[in-house]
Each structure stands twice: as structure tokens, then as C-alpha cells.
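What follows is input32.cif (mmCIF, C-alpha atoms).
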```
data_data
#
loop_
_atom_site.label_atom_id
_atom_site.label_comp_id
_atom_site.auth_asym_id
_atom_site.auth_seq_id
_atom_site.Cartn_x
_atom_site.Cartn_y
_atom_site.Cartn_z
CA SER A 1 4.38 -3.18 -16.00
CA LEU A 2 1.19 -3.57 -18.05
CA GLY A 3 -0.78 -1.92 -15.25
CA PHE A 4 1.55 1.06 -15.21
CA LEU A 5 1.34 1.37 -19.00
CA ALA A 6 -2.45 1.32 -18.83
CA ALA A 7 -2.31 4.05 -16.18
CA ALA A 8 -0.11 6.19 -18.39
CA GLU A 9 -2.19 5.72 -21.53
CA LEU A 10 -5.67 6.11 -20.08
CA SER A 11 -5.11 8.84 -17.54
CA GLY A 12 -3.77 11.28 -20.09
CA LEU A 13 -1.10 12.28 -17.57
CA ASP A 14 2.65 11.87 -17.59
CA LEU A 15 3.97 8.85 -15.71
CA PHE A 16 7.46 9.20 -14.25
CA LEU A 17 9.56 6.27 -13.05
CA GLY A 18 12.77 7.01 -11.18
CA SER A 19 14.44 3.76 -10.26
CA TYR A 20 17.71 2.02 -9.48
CA PRO A 21 18.11 -1.60 -10.67
CA ILE A 22 17.71 -4.26 -8.00
CA THR A 23 16.72 -7.90 -8.03
CA PRO A 24 13.84 -8.73 -8.29
CA ALA A 25 12.38 -5.37 -9.42
CA SER A 26 14.63 -4.43 -12.36
CA ASP A 27 12.26 -5.79 -15.02
CA ILE A 28 9.80 -2.98 -14.30
CA LEU A 29 12.38 -0.33 -15.19
CA HIS A 30 13.52 -2.28 -18.25
CA GLU A 31 10.00 -2.72 -19.59
CA LEU A 32 8.70 0.80 -18.96
CA ALA A 33 11.80 2.33 -20.56
CA ASN A 34 10.55 0.95 -23.88
CA HIS A 35 7.29 2.91 -23.86
CA LYS A 36 8.03 6.61 -24.09
CA ASP A 37 5.35 6.73 -26.81
CA LEU A 38 2.72 6.21 -24.09
CA GLY A 39 3.84 9.16 -21.99
CA VAL A 40 6.14 7.16 -19.73
CA ARG A 41 9.34 8.88 -18.64
CA THR A 42 11.99 6.71 -17.00
CA PHE A 43 15.26 7.64 -15.35
CA GLN A 44 17.85 5.25 -13.98
CA ALA A 45 19.08 6.99 -10.86
CA GLU A 46 22.52 6.61 -9.32
CA ASP A 47 21.05 4.91 -6.25
CA GLU A 48 17.81 4.35 -4.37
CA ILE A 49 18.17 7.55 -2.35
CA ALA A 50 18.21 9.60 -5.55
CA SER A 51 15.33 7.69 -7.13
CA ALA A 52 13.11 8.33 -4.10
CA GLY A 53 13.94 12.03 -4.17
CA MET A 54 13.12 12.16 -7.88
CA ILE A 55 9.66 10.69 -7.54
CA VAL A 56 8.83 12.93 -4.58
CA GLY A 57 9.78 15.94 -6.71
CA ALA A 58 7.77 14.67 -9.68
CA GLY A 59 4.74 14.00 -7.49
CA TRP A 60 4.97 17.49 -6.02
CA ALA A 61 5.07 18.92 -9.55
CA GLY A 62 1.84 17.11 -10.46
CA ALA A 63 3.07 14.05 -12.37
CA ARG A 64 2.09 10.52 -11.53
CA SER A 65 5.36 9.22 -10.13
CA MET A 66 6.66 5.85 -9.00
CA THR A 67 9.73 3.81 -8.22
CA SER A 68 10.36 0.07 -8.16
CA THR A 69 12.65 -1.62 -5.66
CA SER A 70 13.00 -4.28 -2.99
CA GLY A 71 13.70 -4.32 0.75
CA PRO A 72 17.28 -2.94 0.70
CA GLY A 73 16.06 -0.08 -1.49
CA VAL A 74 13.25 0.78 0.90
CA SER A 75 15.80 0.99 3.71
CA LEU A 76 17.69 3.67 1.78
CA MET A 77 14.53 5.54 0.76
CA ASN A 78 13.19 6.07 4.27
CA GLU A 79 14.06 9.77 4.57
CA SER A 80 12.30 10.69 1.32
CA ILE A 81 9.32 8.51 2.26
CA GLY A 82 8.99 10.50 5.48
CA LEU A 83 9.20 13.77 3.54
CA ALA A 84 6.42 12.66 1.18
CA TYR A 85 4.27 11.52 4.11
CA TYR A 86 4.69 14.71 6.15
CA ALA A 87 4.57 17.16 3.22
CA GLU A 88 1.69 15.09 1.73
CA ILE A 89 3.04 14.43 -1.74
CA PRO A 90 1.57 11.68 -3.94
CA CYS A 91 3.98 8.96 -5.13
CA VAL A 92 4.00 5.17 -5.53
CA PHE A 93 6.57 2.67 -4.26
CA PHE A 94 6.29 -0.68 -6.03
CA ILE A 95 8.09 -3.19 -3.81
CA ILE A 96 8.93 -6.77 -4.77
CA GLN A 97 9.99 -8.50 -1.58
CA ARG A 98 12.96 -10.86 -1.37
CA GLY A 99 14.73 -12.54 1.51
CA GLY A 100 16.62 -10.45 4.07
CA PRO A 101 18.11 -8.98 6.24
CA SER A 102 20.96 -7.26 4.38
CA THR A 103 21.55 -8.89 0.98
CA GLY A 104 19.77 -11.95 2.30
CA LEU A 105 18.36 -14.16 -0.46
CA PRO A 106 18.03 -11.80 -3.45
CA THR A 107 16.55 -14.48 -5.74
CA ARG A 108 14.20 -16.09 -3.21
CA THR A 109 10.69 -15.10 -2.22
CA GLN A 110 9.57 -13.55 1.06
CA GLN A 111 6.92 -11.39 2.73
CA ALA A 112 9.29 -9.90 5.27
CA ASP A 113 9.03 -6.18 4.48
CA ILE A 114 5.42 -5.58 5.57
CA SER A 115 6.47 -3.93 8.84
CA LEU A 116 9.18 -1.94 7.05
CA MET A 117 6.67 -0.50 4.57
CA TYR A 118 3.84 0.02 7.06
CA GLY A 119 5.87 2.30 9.32
CA ALA A 120 8.58 3.48 6.90
CA SER A 121 10.66 6.50 7.99
CA HIS A 122 11.38 7.88 11.44
CA GLY A 123 8.72 9.50 13.61
CA ASP A 124 5.05 8.53 13.68
CA THR A 125 4.10 7.22 10.24
CA ARG A 126 1.54 4.82 8.82
CA HIS A 127 1.34 3.97 5.14
CA ILE A 128 -1.28 2.55 2.80
CA ILE A 129 -0.18 -0.78 1.29
CA LEU A 130 -1.89 -2.57 -1.61
CA ILE A 131 -1.15 -6.32 -1.62
CA PRO A 132 -1.80 -8.15 -4.92
CA HIS A 133 -2.11 -11.94 -4.95
CA ASP A 134 -2.18 -12.87 -8.66
CA MET A 135 -1.50 -11.37 -12.08
CA ASN A 136 -4.90 -9.72 -12.35
CA SER A 137 -4.56 -7.95 -9.01
CA CYS A 138 -0.98 -6.91 -9.89
CA PHE A 139 -2.39 -5.32 -13.05
CA ASP A 140 -5.30 -3.67 -11.22
CA PHE A 141 -3.37 -2.42 -8.19
CA ALA A 142 -0.51 -1.05 -10.30
CA ARG A 143 -3.04 1.01 -12.24
CA GLN A 144 -5.11 2.05 -9.25
CA SER A 145 -2.20 2.92 -6.97
CA PHE A 146 -1.90 6.37 -8.56
CA ASN A 147 -5.53 7.13 -7.72
CA TYR A 148 -4.86 6.26 -4.08
CA ALA A 149 -1.70 8.39 -4.05
CA ASP A 150 -3.55 11.41 -5.49
CA ARG A 151 -6.68 10.92 -3.40
CA PHE A 152 -4.83 10.65 -0.10
CA GLN A 153 -1.77 12.78 -1.02
CA THR A 154 0.65 10.27 0.40
CA PRO A 155 3.14 7.57 -0.54
CA ILE A 156 1.41 4.36 -1.61
CA PHE A 157 3.15 0.98 -1.41
CA VAL A 158 2.28 -1.89 -3.73
CA ALA A 159 3.72 -4.96 -2.00
CA MET A 160 4.40 -8.03 -4.11
CA ASP A 161 6.63 -10.95 -3.21
CA LEU A 162 9.27 -12.37 -5.53
CA ASP A 163 7.13 -15.40 -6.36
CA LEU A 164 4.70 -13.03 -8.09
CA GLY A 165 7.30 -10.57 -9.34
CA MET A 166 9.78 -12.91 -11.08
CA ASN A 167 8.26 -16.35 -11.54
CA LEU A 168 5.93 -17.42 -14.36
CA TRP A 169 2.21 -17.46 -13.56
CA SER A 170 -0.79 -18.43 -15.63
CA SER A 171 -3.59 -15.88 -15.61
CA GLU A 172 -7.08 -15.16 -16.75
CA PRO A 173 -7.14 -12.43 -19.43
CA LEU A 174 -6.32 -9.04 -17.91
CA LYS A 175 -9.37 -6.79 -17.87
CA LEU A 176 -9.10 -3.04 -18.17
CA ASN A 177 -11.85 -1.32 -16.22
CA GLN A 178 -12.55 2.11 -17.63
CA GLU A 179 -12.54 3.81 -14.24
CA VAL A 180 -12.14 7.57 -13.96
CA TYR A 181 -8.64 8.58 -12.94
CA ASP A 182 -9.05 10.40 -9.66
CA GLN A 183 -6.73 13.31 -8.89
CA GLY A 184 -8.36 13.87 -5.53
CA LYS A 185 -8.54 17.31 -3.96
CA ARG A 186 -6.38 19.06 -6.54
CA LEU A 187 -7.45 22.64 -7.17
CA SER A 188 -7.17 24.41 -10.51
CA ALA A 189 -6.98 28.18 -10.99
CA GLN A 190 -10.70 28.14 -11.80
CA ASP A 191 -11.46 26.20 -8.62
CA LEU A 192 -9.63 28.81 -6.58
CA GLU A 193 -11.50 31.63 -8.28
CA GLU A 194 -14.75 30.00 -7.22
CA TRP A 195 -13.39 29.65 -3.69
CA THR A 196 -12.62 33.36 -3.63
CA LYS A 197 -16.16 34.22 -4.75
CA ALA A 198 -17.53 31.95 -2.04
CA GLY A 199 -15.35 33.60 0.61
CA LYS A 200 -13.25 30.46 1.20
CA LYS A 201 -9.51 30.51 1.81
CA PHE A 202 -7.04 27.95 0.48
CA ARG A 203 -5.10 26.52 3.41
CA ARG A 204 -2.74 23.81 2.25
CA TYR A 205 -2.72 21.66 5.37
CA PHE A 206 -6.16 22.40 6.76
CA ASP A 207 -8.92 19.79 6.98
CA GLN A 208 -11.85 21.46 5.19
CA ASP A 209 -14.13 18.42 5.02
CA GLY A 210 -13.49 16.41 8.17
CA ASP A 211 -11.86 13.45 6.42
CA GLY A 212 -8.26 14.42 7.22
CA ILE A 213 -7.43 15.12 3.57
CA PRO A 214 -6.50 18.74 2.72
CA TYR A 215 -6.73 20.42 -0.68
CA ARG A 216 -3.60 20.94 -2.76
CA THR A 217 -2.34 22.82 -5.79
CA VAL A 218 0.59 22.10 -8.10
CA PRO A 219 3.25 24.41 -9.59
CA GLY A 220 2.02 26.39 -12.58
CA ASN A 221 -1.35 27.28 -11.08
CA GLN A 222 -1.85 30.93 -12.05
CA ASN A 223 -4.09 31.86 -9.14
CA ARG A 224 -2.24 33.79 -6.42
CA MET A 225 -3.98 31.76 -3.72
CA ALA A 226 -2.25 28.60 -4.97
CA SER A 227 1.19 29.47 -3.57
CA TYR A 228 2.55 27.81 -0.44
CA PHE A 229 5.84 26.49 0.92
CA THR A 230 6.33 22.72 0.86
CA ARG A 231 8.47 21.76 3.79
CA GLY A 232 9.47 18.64 5.67
CA SER A 233 9.95 20.61 8.89
CA GLY A 234 7.22 21.59 11.34
CA HIS A 235 4.40 23.58 9.79
CA ASP A 236 0.92 24.83 10.54
CA ALA A 237 -2.30 24.45 8.57
CA ASP A 238 -1.23 27.31 6.26
CA ALA A 239 2.15 25.69 5.42
CA ARG A 240 4.07 28.23 7.51
CA TYR A 241 7.10 27.08 9.50
CA SER A 242 6.09 26.33 13.06
CA GLU A 243 7.41 24.54 16.12
CA ASP A 244 4.28 25.33 18.09
CA GLU A 245 3.12 22.22 19.94
CA HIS A 246 -0.53 22.73 18.94
CA ASP A 247 0.33 23.11 15.24
CA TYR A 248 2.49 20.00 15.29
CA LYS A 249 -0.10 17.88 17.06
CA TYR A 250 -2.83 19.12 14.72
CA ILE A 251 -0.89 17.98 11.65
CA LEU A 252 0.01 14.58 13.12
CA ASP A 253 -3.56 13.94 14.27
CA ARG A 254 -4.92 14.94 10.87
CA LEU A 255 -2.47 12.62 9.10
CA ARG A 256 -3.71 9.75 11.27
CA LYS A 257 -7.31 10.71 10.52
CA LYS A 258 -6.53 10.66 6.80
CA PHE A 259 -5.02 7.19 7.22
CA ASP A 260 -8.15 5.98 9.04
CA THR A 261 -10.34 7.47 6.30
CA SER A 262 -8.51 5.30 3.78
CA ARG A 263 -9.87 2.15 5.49
CA LYS A 264 -13.16 2.77 3.69
CA PHE A 265 -11.50 2.95 0.27
CA VAL A 266 -8.68 0.39 0.13
CA PRO A 267 -9.45 -3.02 -1.47
CA LYS A 268 -11.54 -5.18 0.82
CA PRO A 269 -10.48 -8.74 1.62
CA ILE A 270 -11.74 -11.72 -0.37
CA ILE A 271 -13.69 -14.00 1.96
CA GLU A 272 -14.82 -17.59 1.35
CA LYS A 273 -16.88 -19.04 4.19
CA GLU A 274 -19.58 -21.49 5.18
CA ARG A 275 -22.10 -20.93 7.94
CA GLY A 276 -21.28 -22.68 11.19
CA VAL A 277 -17.54 -23.13 10.53
CA LYS A 278 -15.54 -21.78 13.46
CA THR A 279 -11.97 -22.19 12.18
CA GLY A 280 -10.53 -19.61 9.79
CA ILE A 281 -7.39 -19.16 7.72
CA ILE A 282 -6.03 -15.73 6.76
CA CYS A 283 -3.32 -15.13 4.18
CA TYR A 284 -2.06 -12.47 1.78
CA GLY A 285 -0.05 -12.23 -1.42
CA SER A 286 1.09 -15.35 -3.26
CA SER A 287 0.00 -17.61 -0.38
CA TYR A 288 -3.56 -17.38 -1.71
CA GLU A 289 -3.65 -20.39 -4.06
CA PRO A 290 -1.66 -22.75 -1.77
CA VAL A 291 -4.03 -21.91 1.10
CA ARG A 292 -7.07 -22.58 -1.06
CA GLU A 293 -5.64 -26.01 -1.90
CA ALA A 294 -4.78 -26.59 1.75
CA ARG A 295 -8.42 -25.95 2.69
CA ASP A 296 -9.52 -28.80 0.43
CA ARG A 297 -6.94 -31.12 1.98
CA LEU A 298 -7.93 -30.10 5.50
CA LYS A 299 -11.59 -30.69 4.70
CA ALA A 300 -10.78 -34.16 3.39
CA ARG A 301 -9.14 -34.88 6.75
CA GLY A 302 -12.13 -33.64 8.71
CA LEU A 303 -11.26 -29.99 9.41
CA LYS A 304 -13.51 -27.42 7.74
CA THR A 305 -12.12 -23.90 7.48
CA ASN A 306 -13.18 -20.51 6.20
CA HIS A 307 -10.71 -18.33 4.34
CA MET A 308 -9.89 -14.63 4.09
CA LEU A 309 -7.34 -12.97 1.79
CA ILE A 310 -6.08 -9.58 3.05
CA ARG A 311 -5.49 -7.24 0.11
CA ALA A 312 -4.51 -3.98 1.77
CA LEU A 313 -3.39 -2.08 4.82
CA PRO A 314 -4.80 -0.37 6.81
CA LEU A 315 -7.03 -3.22 7.89
CA THR A 316 -10.68 -2.87 7.00
CA SER A 317 -13.61 -3.70 9.30
CA GLU A 318 -14.09 -7.03 7.50
CA VAL A 319 -10.82 -8.31 8.96
CA MET A 320 -11.94 -7.78 12.54
CA ASP A 321 -15.40 -9.16 11.74
CA PHE A 322 -13.78 -12.34 10.41
CA LEU A 323 -11.73 -12.73 13.58
CA ALA A 324 -14.81 -12.14 15.74
CA GLU A 325 -16.77 -14.84 13.90
CA HIS A 326 -14.19 -17.60 14.46
CA ASP A 327 -12.83 -19.35 17.53
CA THR A 328 -9.44 -20.19 16.01
CA VAL A 329 -7.70 -18.36 13.14
CA TYR A 330 -4.51 -19.46 11.39
CA LEU A 331 -2.56 -16.66 9.71
CA VAL A 332 -0.18 -17.80 6.96
CA GLU A 333 2.83 -15.55 6.39
CA GLN A 334 6.15 -15.78 4.57
CA ASN A 335 8.31 -14.29 7.30
CA ARG A 336 9.79 -15.37 10.63
CA ASP A 337 8.32 -12.74 12.92
CA ALA A 338 4.60 -12.92 12.05
CA GLN A 339 4.53 -9.31 10.88
CA MET A 340 0.90 -9.15 9.73
CA ALA A 341 -0.21 -10.87 12.92
CA ALA A 342 1.63 -8.21 14.92
CA ILE A 343 -0.21 -5.45 13.05
CA ILE A 344 -3.58 -7.09 13.77
CA LYS A 345 -2.74 -7.66 17.43
CA ASP A 346 -1.62 -4.06 17.79
CA GLU A 347 -5.01 -2.83 16.49
CA ASN A 348 -7.13 -5.28 18.47
CA PRO A 349 -5.28 -7.32 21.10
CA LEU A 350 -8.42 -9.22 22.16
CA LEU A 351 -9.29 -10.49 18.68
CA GLY A 352 -5.63 -10.84 17.77
CA ALA A 353 -5.23 -13.36 20.58
CA LYS A 354 -7.20 -15.82 18.44
CA ILE A 355 -4.41 -15.95 15.86
CA THR A 356 -2.04 -18.87 15.50
CA SER A 357 0.77 -18.03 13.09
CA ILE A 358 1.71 -20.38 10.25
CA LEU A 359 5.14 -19.22 9.12
CA VAL A 360 7.10 -20.23 6.02
CA TYR A 361 10.38 -18.34 5.58
CA ASN A 362 12.85 -20.64 3.84
CA GLY A 363 12.80 -18.57 0.64
CA LEU A 364 10.68 -21.07 -1.29
CA PRO A 365 7.05 -20.46 -2.33
CA VAL A 366 4.44 -21.65 0.15
CA SER A 367 3.11 -25.15 -0.52
CA ALA A 368 -0.31 -26.51 0.44
CA GLY A 369 1.38 -29.46 2.13
CA GLU A 370 3.39 -27.19 4.44
CA VAL A 371 0.26 -25.25 5.42
CA VAL A 372 -1.66 -28.46 6.20
CA LYS A 373 1.22 -29.89 8.24
CA GLN A 374 1.68 -26.75 10.35
CA ILE A 375 -2.06 -26.34 10.98
CA PHE A 376 -2.44 -29.96 12.15
CA ASP A 377 0.68 -29.68 14.31
CA ALA A 378 -0.67 -26.46 15.86
CA ALA A 379 -4.10 -28.04 16.45
CA GLN A 380 -2.48 -31.03 18.11
CA THR A 381 -0.39 -28.77 20.34
CA ALA A 382 -3.50 -26.82 21.34
CA LYS A 383 -5.25 -30.04 22.41
CA THR A 384 -2.36 -31.08 24.63
#
```

Take the structure in this file and express it as C-alpha cells.
Amino acid sequence: SLGFLAAAELSGLDLFLGSYPITPASDILHELANHKDLGVRTFQAEDEIASAGMIVGAGWAGARSMTSTSGPGVSLMNESIGLAYYAEIPCVFFIIQRGGPSTGLPTRTQQADISLMYGASHGDTRHIILIPHDMNSCFDFARQSFNYADRFQTPIFVAMDLDLGMNLWSSEPLKLNQEVYDQGKRLSAQDLEEWTKAGKKFRRYFDQDGDGIPYRTVPGNQNRMASYFTRGSGHDADARYSEDEHDYKYILDRLRKKFDTSRKFVPKPIIEKERGVKTGIICYGSSYEPVREARDRLKARGLKTNHMLIRALPLTSEVMDFLAEHDTVYLVEQNRDAQMAAIIKDENPLLGAKITSILVYNGLPVSAGEVVKQIFDAAQTAKT
């Protein structure tokens, strides 16, 4: 909540939160509702479907918009998420993961919605996910998520787990970096006048620069060139309705290119390693501190390991480099189906084959003892 408040105060822009209460994300709505003086506008929607539609509309209109929810809410929001992805509308989905499926364990922690967020909605989609691991990164990623949404004109997910979202954590003092708030390729009336003088044409869904990211305008722009239809149906580079196979493929390919461009900008992993060590451990989210303690215990028992904390999807080059540098890699996750491991293996099956999954999905926070036990059991199994 503090990160969102900082975003509202420092950016000089309106921040809109449309949300429906759900454990364990309700505190965000409750807290932000108390700060209208900082430019925050909150609305308690009638359900998650409505809240998703609200933030897509607010993002289209030029506001910095967000919702807060958990796994069941994401399930209901899928259609609006797909609209925002295909129509390229900035908005932020702040997800605090709990146990599932269905109602599951609403007051227990989990990391079981990574796959749900990564490919949310029907059709071919891929989404940017920021994954905080402590209070400082929650503060930073909450604030920065709006920059990513504006820069890439797409839904951004901030994926916490309940252990971070509801439980008490000690923290170093939160530091507010005075970064410039980036609205990305958003054209003003003056920008469009300069385009006209230069003989350039505004084409809403055309890749002008080769990075997959088009230019956009928002309602209220007084330049005639700014107008276009926003649609969730098939469209061409000029935002005109189209079912032409070439137009459709062009848009989908450009969306994937935009996603791949984001690899260079999302937060890089935190890596702790020693030269010559050939066993690695990867984790994400609240597993970070237990894994760091587990490394000390493993070292005391004769097994040296290097460590990498994944902080975002899509995966950056550092993730594959880490896999390439190690013979065996243990990936700690708080879900049954090894969802992050599946994403890595899908991108690089050869390097992904090095992964042995360490899975904790009983609803309790990960402990260092459980990580040590599973790694030694897996190492013993590998020997036999």
C-alpha cells in the first residue's frame, strides 16, 4: 500500500483502484481508501469481473489503474485481462496468492497462481509478472509496476504470496528512489503536430521502432490524428476491424516481440555464487530467506551451493546463464506442479532438464529445514 501511495504522490497522476474484497488482498483496498488526499481514487466493485473492467477503462482513459485480488479473482478477471492485453491498455493486477483450487486455503500461503497469471485469458497470451520477495521489493515493485504498464501498454501482474501479504515481517527502512515516472510512448497533441510536420502518420498498432511497442494516445487529445477505435476484436495496425489473416498474425507476432523486449527491462535476478561450485538453488518470493538459511546448513553438511532469486517473468538471460553454469539445480516452489520449472523447461528444455524440483505446498511458509531435507533426499535418490 505504501508503494502505491508513493506512486500516486510522486507521479502527479491520478491513481485508480477498482477492487472487490478477498482474503488475503482486502487490506490494500482498505488502506488506499483512506488516502484520497494523495490523488487515490478507490471503488469497491460488486465483483471481480466489474473491478477488472473498471481498471481497464481507467487505464484506457490515461489514469494509472490497478486492482488487488487473489487466485479466485484472477479466474473471474480473465476476459478483461485478455481485452487489456490485445487492445494494449496499461493496468496493474496486484495478486496475493493463497491456497487453491476453488476456495482452497484462503488464509494459507501458496505460489500456485504463477501459471494462471503468466498465460491469463484465452488465446495466445504472455504477461509480465513482478515477483517481490521482501517488504522493500513489495514497496519498490508496487511503485514501479505502473511504469512497466505504461511502457509496455499491457497488464502487469505483481505476484506476492500470502506469507508476504498478510503476515508480519521486519524490514530495513523503505527507500524512495526519485525515479522519473515513465508514461512510455504516449503522444500529446504537440507530439502529433511534430509528427505531422515530419510527415509521420500515427498508427495505433504499428511498430514504429522495431521493439514491438506501438505509440498511443488517450481521450482528450485535441489533435485529429489521435483518434482511433479501441477494440478487443481483430484489428489491423491502424486499429480498423479486420479478420484478415495477415493483419491478425502481425498483431500477435508484434505482441510477442513486445513481450520479448521486456526481458531487457524487468528486474534481474539476485545471484549469490562462488567460483567452482556446480550445484545451484533457485527460488522466488518469500522462499528467499529460508533458502539462504538452508544454504548455510547445506554447507555445514558438506554441500556448497550457489543461489539465484527470480524476481520477474519473462525470464532474463541471467536465468539461463545460471542453469548453464551448474550441473544440478534445485528449484524451490510453493506449489504442487512445479509451475516455474515448467516455464523454464518450456523456454529451454535442454537447460531445464537440469532442474530438480523442491516443492512445499502444505499452506505453511517454507522452512530451511524442509528445503535441506528435500535436497538431501533428492541427492541421495540421484546417487542410487

Point to revise | Counting all atoms listed in the file, the option among A:Leu350, A:Asp238, A:Gly369, A:Asp161 closest to His133 (chain A) | key: A:Asp161

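Near Cys283 (chain A), within 7 Å and counting only C-alpha atoms, sit Ser287, Tyr288, Met308, Leu309, Ile310, Leu331, Val332 and Glu333 of chain A, not including residues fewer than 4 positions from it in the same chain.
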
Exercise for review: Record the distance separating CA of Met66 (chain A) and CA of Phe16 (chain A), expressed in Å with one decimal.
Suggested key: 6.3 Å

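Residues matching the PyMOL selection byres ((chain A and resi 365) around 8) in this structure come to Thr109, Asp163, Ser286, Ser287, Gly363, Leu364, Val366 and Ser367 of chain A.
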
Point to revise | Residue nearest Asn221 (chain A) - candidates A:Asp346, A:Phe146, A:Ala61, A:Arg151, atoms counted: only C-alpha atoms | key: A:Ala61

Tell me which residues the PyMOL selection byres ((chain A and resi 344) around 10) grabs here, as a short mmCIF file (atom, residue, chain, number, x, y, z; two decimals) with C-alpha atoms, in the coordinates of the input.
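Resulting contents of selection.cif:
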```
data_model
loop_
_atom_site.label_atom_id
_atom_site.label_comp_id
_atom_site.auth_asym_id
_atom_site.auth_seq_id
_atom_site.Cartn_x
_atom_site.Cartn_y
_atom_site.Cartn_z
CA PRO A 314 -4.80 -0.37 6.81
CA LEU A 315 -7.03 -3.22 7.89
CA VAL A 319 -10.82 -8.31 8.96
CA MET A 320 -11.94 -7.78 12.54
CA LEU A 323 -11.73 -12.73 13.58
CA GLN A 339 4.53 -9.31 10.88
CA MET A 340 0.90 -9.15 9.73
CA ALA A 341 -0.21 -10.87 12.92
CA ALA A 342 1.63 -8.21 14.92
CA ILE A 343 -0.21 -5.45 13.05
CA LYS A 345 -2.74 -7.66 17.43
CA ASP A 346 -1.62 -4.06 17.79
CA GLU A 347 -5.01 -2.83 16.49
CA ASN A 348 -7.13 -5.28 18.47
CA PRO A 349 -5.28 -7.32 21.10
CA LEU A 350 -8.42 -9.22 22.16
CA LEU A 351 -9.29 -10.49 18.68
CA GLY A 352 -5.63 -10.84 17.77
CA ALA A 353 -5.23 -13.36 20.58
CA ILE A 355 -4.41 -15.95 15.86
#
```

Some atoms are missing, so please complete region 308-315 of chain A with all heavy atoms and return it as a short mmCIF file (atom, residue, chain, number, x, y, z; two decimals), in the frame of the given file.
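To be explicit, this is the file written out as selection_19.cif:
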```cif
data_model
loop_
_atom_site.label_atom_id
_atom_site.label_comp_id
_atom_site.auth_asym_id
_atom_site.auth_seq_id
_atom_site.Cartn_x
_atom_site.Cartn_y
_atom_site.Cartn_z
N MET A 308 -9.89 -16.05 4.42
CA MET A 308 -9.89 -14.63 4.09
C MET A 308 -8.52 -14.23 3.53
O MET A 308 -7.48 -14.55 4.11
CB MET A 308 -10.21 -13.77 5.32
CG MET A 308 -10.18 -12.26 5.02
SD MET A 308 -10.75 -11.25 6.39
CE MET A 308 -9.44 -11.55 7.57
N LEU A 309 -8.55 -13.50 2.41
CA LEU A 309 -7.34 -12.97 1.79
C LEU A 309 -7.29 -11.47 2.06
O LEU A 309 -8.14 -10.71 1.59
CB LEU A 309 -7.36 -13.23 0.29
CG LEU A 309 -6.25 -12.55 -0.52
CD1 LEU A 309 -4.92 -13.27 -0.31
CD2 LEU A 309 -6.60 -12.49 -2.01
N ILE A 310 -6.29 -11.02 2.82
CA ILE A 310 -6.08 -9.58 3.05
C ILE A 310 -5.44 -8.98 1.81
O ILE A 310 -4.44 -9.49 1.30
CB ILE A 310 -5.21 -9.35 4.29
CG1 ILE A 310 -5.97 -9.78 5.56
CG2 ILE A 310 -4.80 -7.88 4.40
CD1 ILE A 310 -5.15 -9.65 6.83
N ARG A 311 -6.00 -7.86 1.33
CA ARG A 311 -5.49 -7.24 0.11
C ARG A 311 -4.95 -5.84 0.32
O ARG A 311 -4.50 -5.21 -0.66
CB ARG A 311 -6.59 -7.22 -0.96
CG ARG A 311 -7.08 -8.61 -1.36
CD ARG A 311 -7.81 -8.57 -2.68
NE ARG A 311 -9.02 -7.76 -2.60
CZ ARG A 311 -9.65 -7.27 -3.66
NH1 ARG A 311 -9.17 -7.46 -4.87
NH2 ARG A 311 -10.76 -6.57 -3.51
N ALA A 312 -5.00 -5.34 1.55
CA ALA A 312 -4.51 -3.98 1.77
C ALA A 312 -4.32 -3.71 3.25
O ALA A 312 -4.92 -4.34 4.11
CB ALA A 312 -5.48 -2.96 1.17
N LEU A 313 -3.49 -2.75 3.52
CA LEU A 313 -3.39 -2.08 4.82
C LEU A 313 -3.65 -0.60 4.58
O LEU A 313 -3.22 -0.07 3.55
CB LEU A 313 -2.01 -2.29 5.45
CG LEU A 313 -1.67 -3.70 5.92
CD1 LEU A 313 -0.19 -3.79 6.29
CD2 LEU A 313 -2.55 -4.09 7.11
N PRO A 314 -4.36 0.09 5.49
CA PRO A 314 -4.80 -0.37 6.81
C PRO A 314 -5.88 -1.44 6.71
O PRO A 314 -6.55 -1.58 5.69
CB PRO A 314 -5.33 0.91 7.46
CG PRO A 314 -5.78 1.76 6.31
CD PRO A 314 -4.79 1.48 5.22
N LEU A 315 -6.03 -2.16 7.81
CA LEU A 315 -7.03 -3.22 7.89
C LEU A 315 -8.43 -2.63 7.80
O LEU A 315 -8.71 -1.59 8.38
CB LEU A 315 -6.86 -3.99 9.18
CG LEU A 315 -5.50 -4.67 9.39
CD1 LEU A 315 -5.34 -5.10 10.83
CD2 LEU A 315 -5.33 -5.85 8.44
#
```
